[in-house]
Amino acid sequence: MQSLISAVERIDPLSVSGRVAAVNGLLIEARGGLTRLSVGARTEILRRGEPALPAEVVGFRDSSALLMPFGPVEGVAPGAEIRIMSDGASVRPTLGWLGRIVDAFGAPIDGKGPLPTGPAPYALRAPPPSAHARGRVGDRLDLGVRAMDVFTTTCRGQRLGVFAGSGVGKSVLLSMLAREASCDAVVVGLIGERGREVREFIEETLGEAGLERAVVVVATSDEPALKRRQAAFLTMAIAEFLRDQDLEVLCLMDSVTRFAMAQREIGLAAGEPPTTKGYTPTVFSELPKLLERAGPGPIRQDGTQAGPITGLFTVLVDGDDHNEPIADAVRGILDGHIVMSRAVAERGRFPAIDPLKSISRTMPACQHPHEREVVRKAREAMSAYGNMEELIKIGAYKVGTDPVIDRAVRLNPAIEEFLRQRPDEVTRLDESFAQLDAILSEGHDA
């Protein structure tokens, strides 16, 4: 009954419409009803012999509104009626969404029937919690991945970026986190993913165990830019709903770069000037609005705090250039970065994380003094070996020249094996520190 009352209250007694004036590429110009339109407003365009085409207002030009459709423009005719939707873009999730796969509109695409509808709407473009009303990051989060737990120890409510080129193993790493991280619920956003890889990721990489406590949002690369962008907003809206249920949420998004590319397409179509590498100014204004929605939960009026959203966002670095515009902007917003190296992947070590180039901004405060010393010694050994690696490989380094390098050479095989981890292998956080400590102790004894 409450859901029915809410639906009746959302009905707008005033019906306003406009007309299609022109179609220019990805843009549809509309006239009429401008007093009820604003940037971000939703509309439906009636088509001949086709279902109504949903669209969004992305700008204005003189006396026309500029609409971008969520689908192909086939069937749109001059003078076609445009119905202006009264309510903004929102979604009504429930805990019954766990274990389900949805599209950018929150519609199920897994063939398991309709989704339950919650009583409260969650805006897709909700603002992040205000800084003074937000709590601090919580205690350490056990991710189950040795390289990350030790060298980029993550706290609950922290936001990290996973920076890597294509084919280096980002999706496999995300699946390991979705299955084994110590959290209550997981929200996975596959933004601009290859269509053939979606089922492979869900059925094989994520698996039934990972899907049971997850909601997966999918927008493949062939879908319009608006749907790809909206899938990212929907991912955050679902995570915010789960957070408000006092659940500890892990939000995984692959990838922020494809979200930025979708926003670039929208901006260029609306007439924005291109800047660095063709990215429009709104790309760099939308990134913090999206990424800041993750983090510690806001403090309620009664003094309680909502659950945290720990965010891990992948960044597809263009041409393995970690200083390209999107990577540089995201790195400045997030609370740390994990670098996956193609060189490491090529020598067969997965996950291909480079600990020396990765950093967590909650370290070393979230580690115990002994753990900090273990990490310091491991980094020292890896750095010493890395500086002399070429000379060691060609036999130009003579054992006994430098005791620090001698020890690094002895430790390198064991450290490499420690960093290597099978997708189905799990090591808990405390055990990871103990294993690395044992390796360093053996190297010292030798």
# chains A, B, ... in the order shown; residues from 1 in each chain; ligands from 1
$ residues_around --residues "Thr154 in chain A" --least-positions-apart "6" --cutoff "10 Å" --atoms "only C-alpha atoms" --output "ChimeraX atom specification"
/A:137-143,148,160,310,335-336,359-363,366-367
$ write_last_selection --atoms "C-alpha atoms" --output "PDB file, in the first residue's frame"
ATOM      1  CA  VAL A 137      37.734   6.230   7.622  1.00  0.00           C
ATOM      2  CA  GLY A 138      37.322   3.108   9.726  1.00  0.00           C
ATOM      3  CA  ASP A 139      39.624   0.257  10.624  1.00  0.00           C
ATOM      4  CA  ARG A 140      41.527  -1.883   8.149  1.00  0.00           C
ATOM      5  CA  LEU A 141      39.704  -3.808   5.460  1.00  0.00           C
ATOM      6  CA  ASP A 142      40.912  -7.345   4.785  1.00  0.00           C
ATOM      7  CA  LEU A 143      40.950  -7.661   0.979  1.00  0.00           C
ATOM      8  CA  MET A 148      47.362  -4.988  -1.582  1.00  0.00           C
ATOM      9  CA  LEU A 160      41.654   3.666  -4.270  1.00  0.00           C
ATOM     10  CA  THR A 310      35.017   1.540   0.169  1.00  0.00           C
ATOM     11  CA  ASP A 335      43.057   8.263  -1.394  1.00  0.00           C
ATOM     12  CA  GLY A 336      45.756   6.214  -3.060  1.00  0.00           C
ATOM     13  CA  ILE A 359      50.593   3.927  -2.377  1.00  0.00           C
ATOM     14  CA  SER A 360      47.772   4.106   0.153  1.00  0.00           C
ATOM     15  CA  ARG A 361      47.295   7.496   1.785  1.00  0.00           C
ATOM     16  CA  THR A 362      46.070   5.919   5.037  1.00  0.00           C
ATOM     17  CA  MET A 363      49.489   4.342   5.523  1.00  0.00           C
ATOM     18  CA  CYS A 366      46.707   2.095   9.782  1.00  0.00           C
ATOM     19  CA  GLN A 367      49.619  -0.289  10.405  1.00  0.00           C
TER      20      GLN A 367
END
$ select_by_dssp --residues "range 197-417 of chain A" --states "strand (DSSP E)" --output "PyMOL selection string"
chain A and resi 214-220+249-254+309-316+336-339+359-360
$ closest_residue --among "A:Arg376, A:Arg422, A:Lys227, A:Arg243" --to "Pro364 in chain A" --atoms "only C-alpha atoms"
A:Arg376
$ closest_residue --among "A:Glu81, A:Asp184, A:Glu212, A:Glu248" --to "Arg156 in chain A" --atoms "only C-alpha atoms"
A:Glu248
$ select_by_dssp --residues "range 227-379 of chain A" --states "alpha helix (DSSP H)" --output "ChimeraX atom specification"
/A:227-244,256-269,281-291,325-333,342-346,369-379
$ atom_distance --atom1 "CA of Gly59 in chain A" --atom2 "CA of Ala77 in chain A"
20.7 Å
$ atom_distance --atom1 "CA of Glu193 in chain A" --atom2 "CA of Ala219 in chain A"
6.7 Å
$ atom_distance --atom1 "CA of Glu56 in chain A" --atom2 "CA of Phe259 in chain A"
16.7 Å
$ closest_residue --among "A:Ala147, A:Gly18, A:Thr275, A:Pro51" --to "Gly33 in chain A" --atoms "only C-alpha atoms"
A:Gly18
$ closest_residue --among "A:His322, A:Arg83, A:Arg92, A:Arg125" --to "Gly40 in chain A" --atoms "only C-alpha atoms"
A:Arg125
$ residues_around --residues "range 279-281 of chain A" --least-positions-apart "5" --cutoff "12 Å" --atoms "only C-alpha atoms" --output "list in words"
Thr257, Arg258, Phe259, Ala260, Met261, Ala262, Gln263, Arg264, Glu265, Ile266, Gly267, Leu268, Ala269, Ala270, Gly271, Glu272, Pro273, Pro274, Glu286, Leu287, Glu324, Pro325, Ile326 and Ala329 of chain A
$ closest_residue --among "A:Phe60, A:Phe163, A:Phe350, A:Phe151" --to "Met176 in chain A" --atoms "only C-alpha atoms"
A:Phe350
$ closest_residue --among "A:Arg347, A:Arg407, A:His337, A:Lys357" --to "Arg420 in chain A" --atoms "only C-alpha atoms"
A:Arg347
$ residues_around --residues "Leu247 in chain A" --least-positions-apart "3" --cutoff "10 Å" --atoms "only C-alpha atoms" --output "list of chain:residue names"
A:Cys183, A:Asp184, A:Ala185, A:Val186, A:Ala239, A:Glu240, A:Phe241, A:Leu242, A:Arg243, A:Asp244, A:Leu250, A:Ala306, A:Gly307, A:Pro308, A:Ile309
$ write_last_selection --atoms "N, CA, C and O atoms" --output "short mmCIF file (atom, residue, chain, number, x, y, z; two decimals), in the first residue's frame"
data_model
loop_
_atom_site.label_atom_id
_atom_site.label_comp_id
_atom_site.auth_asym_id
_atom_site.auth_seq_id
_atom_site.Cartn_x
_atom_site.Cartn_y
_atom_site.Cartn_z
N CYS A 183 33.52 -7.64 3.69
CA CYS A 183 32.48 -6.61 3.67
C CYS A 183 31.12 -7.30 3.61
O CYS A 183 31.03 -8.52 3.44
N ASP A 184 30.06 -6.51 3.75
CA ASP A 184 28.71 -7.07 3.76
C ASP A 184 28.11 -7.19 2.36
O ASP A 184 27.36 -8.11 2.07
N ALA A 185 28.39 -6.22 1.50
CA ALA A 185 27.79 -6.20 0.17
C ALA A 185 28.77 -5.59 -0.82
O ALA A 185 29.64 -4.79 -0.45
N VAL A 186 28.63 -5.98 -2.08
CA VAL A 186 29.50 -5.50 -3.15
C VAL A 186 28.63 -4.97 -4.29
O VAL A 186 27.63 -5.59 -4.65
N ALA A 239 25.02 1.68 -4.19
CA ALA A 239 25.96 1.62 -3.07
C ALA A 239 25.49 2.51 -1.92
O ALA A 239 25.61 2.13 -0.74
N GLU A 240 24.92 3.68 -2.24
CA GLU A 240 24.43 4.58 -1.19
C GLU A 240 23.23 3.99 -0.47
O GLU A 240 23.07 4.15 0.75
N PHE A 241 22.36 3.29 -1.21
CA PHE A 241 21.23 2.63 -0.56
C PHE A 241 21.73 1.57 0.43
O PHE A 241 21.27 1.51 1.58
N LEU A 242 22.66 0.73 0.00
CA LEU A 242 23.18 -0.31 0.89
C LEU A 242 23.91 0.30 2.08
O LEU A 242 23.83 -0.21 3.20
N ARG A 243 24.60 1.40 1.85
CA ARG A 243 25.27 2.12 2.95
C ARG A 243 24.24 2.58 3.99
O ARG A 243 24.48 2.48 5.19
N ASP A 244 23.10 3.09 3.51
CA ASP A 244 22.08 3.60 4.44
C ASP A 244 21.40 2.48 5.22
O ASP A 244 20.68 2.75 6.18
N LEU A 250 31.48 -2.51 -0.54
CA LEU A 250 32.65 -2.41 -1.41
C LEU A 250 32.15 -2.08 -2.80
O LEU A 250 31.39 -2.85 -3.39
N ALA A 306 26.19 6.09 9.07
CA ALA A 306 25.85 5.10 8.05
C ALA A 306 27.09 4.29 7.70
O ALA A 306 28.22 4.68 8.00
N GLY A 307 26.87 3.16 7.08
CA GLY A 307 27.98 2.29 6.73
C GLY A 307 28.92 2.94 5.72
O GLY A 307 28.53 3.85 4.99
N PRO A 308 30.16 2.50 5.65
CA PRO A 308 31.12 3.07 4.70
C PRO A 308 30.97 2.47 3.30
O PRO A 308 30.51 1.34 3.14
N ILE A 309 31.37 3.24 2.31
CA ILE A 309 31.50 2.74 0.93
C ILE A 309 32.98 2.79 0.59
O ILE A 309 33.56 3.86 0.39
#
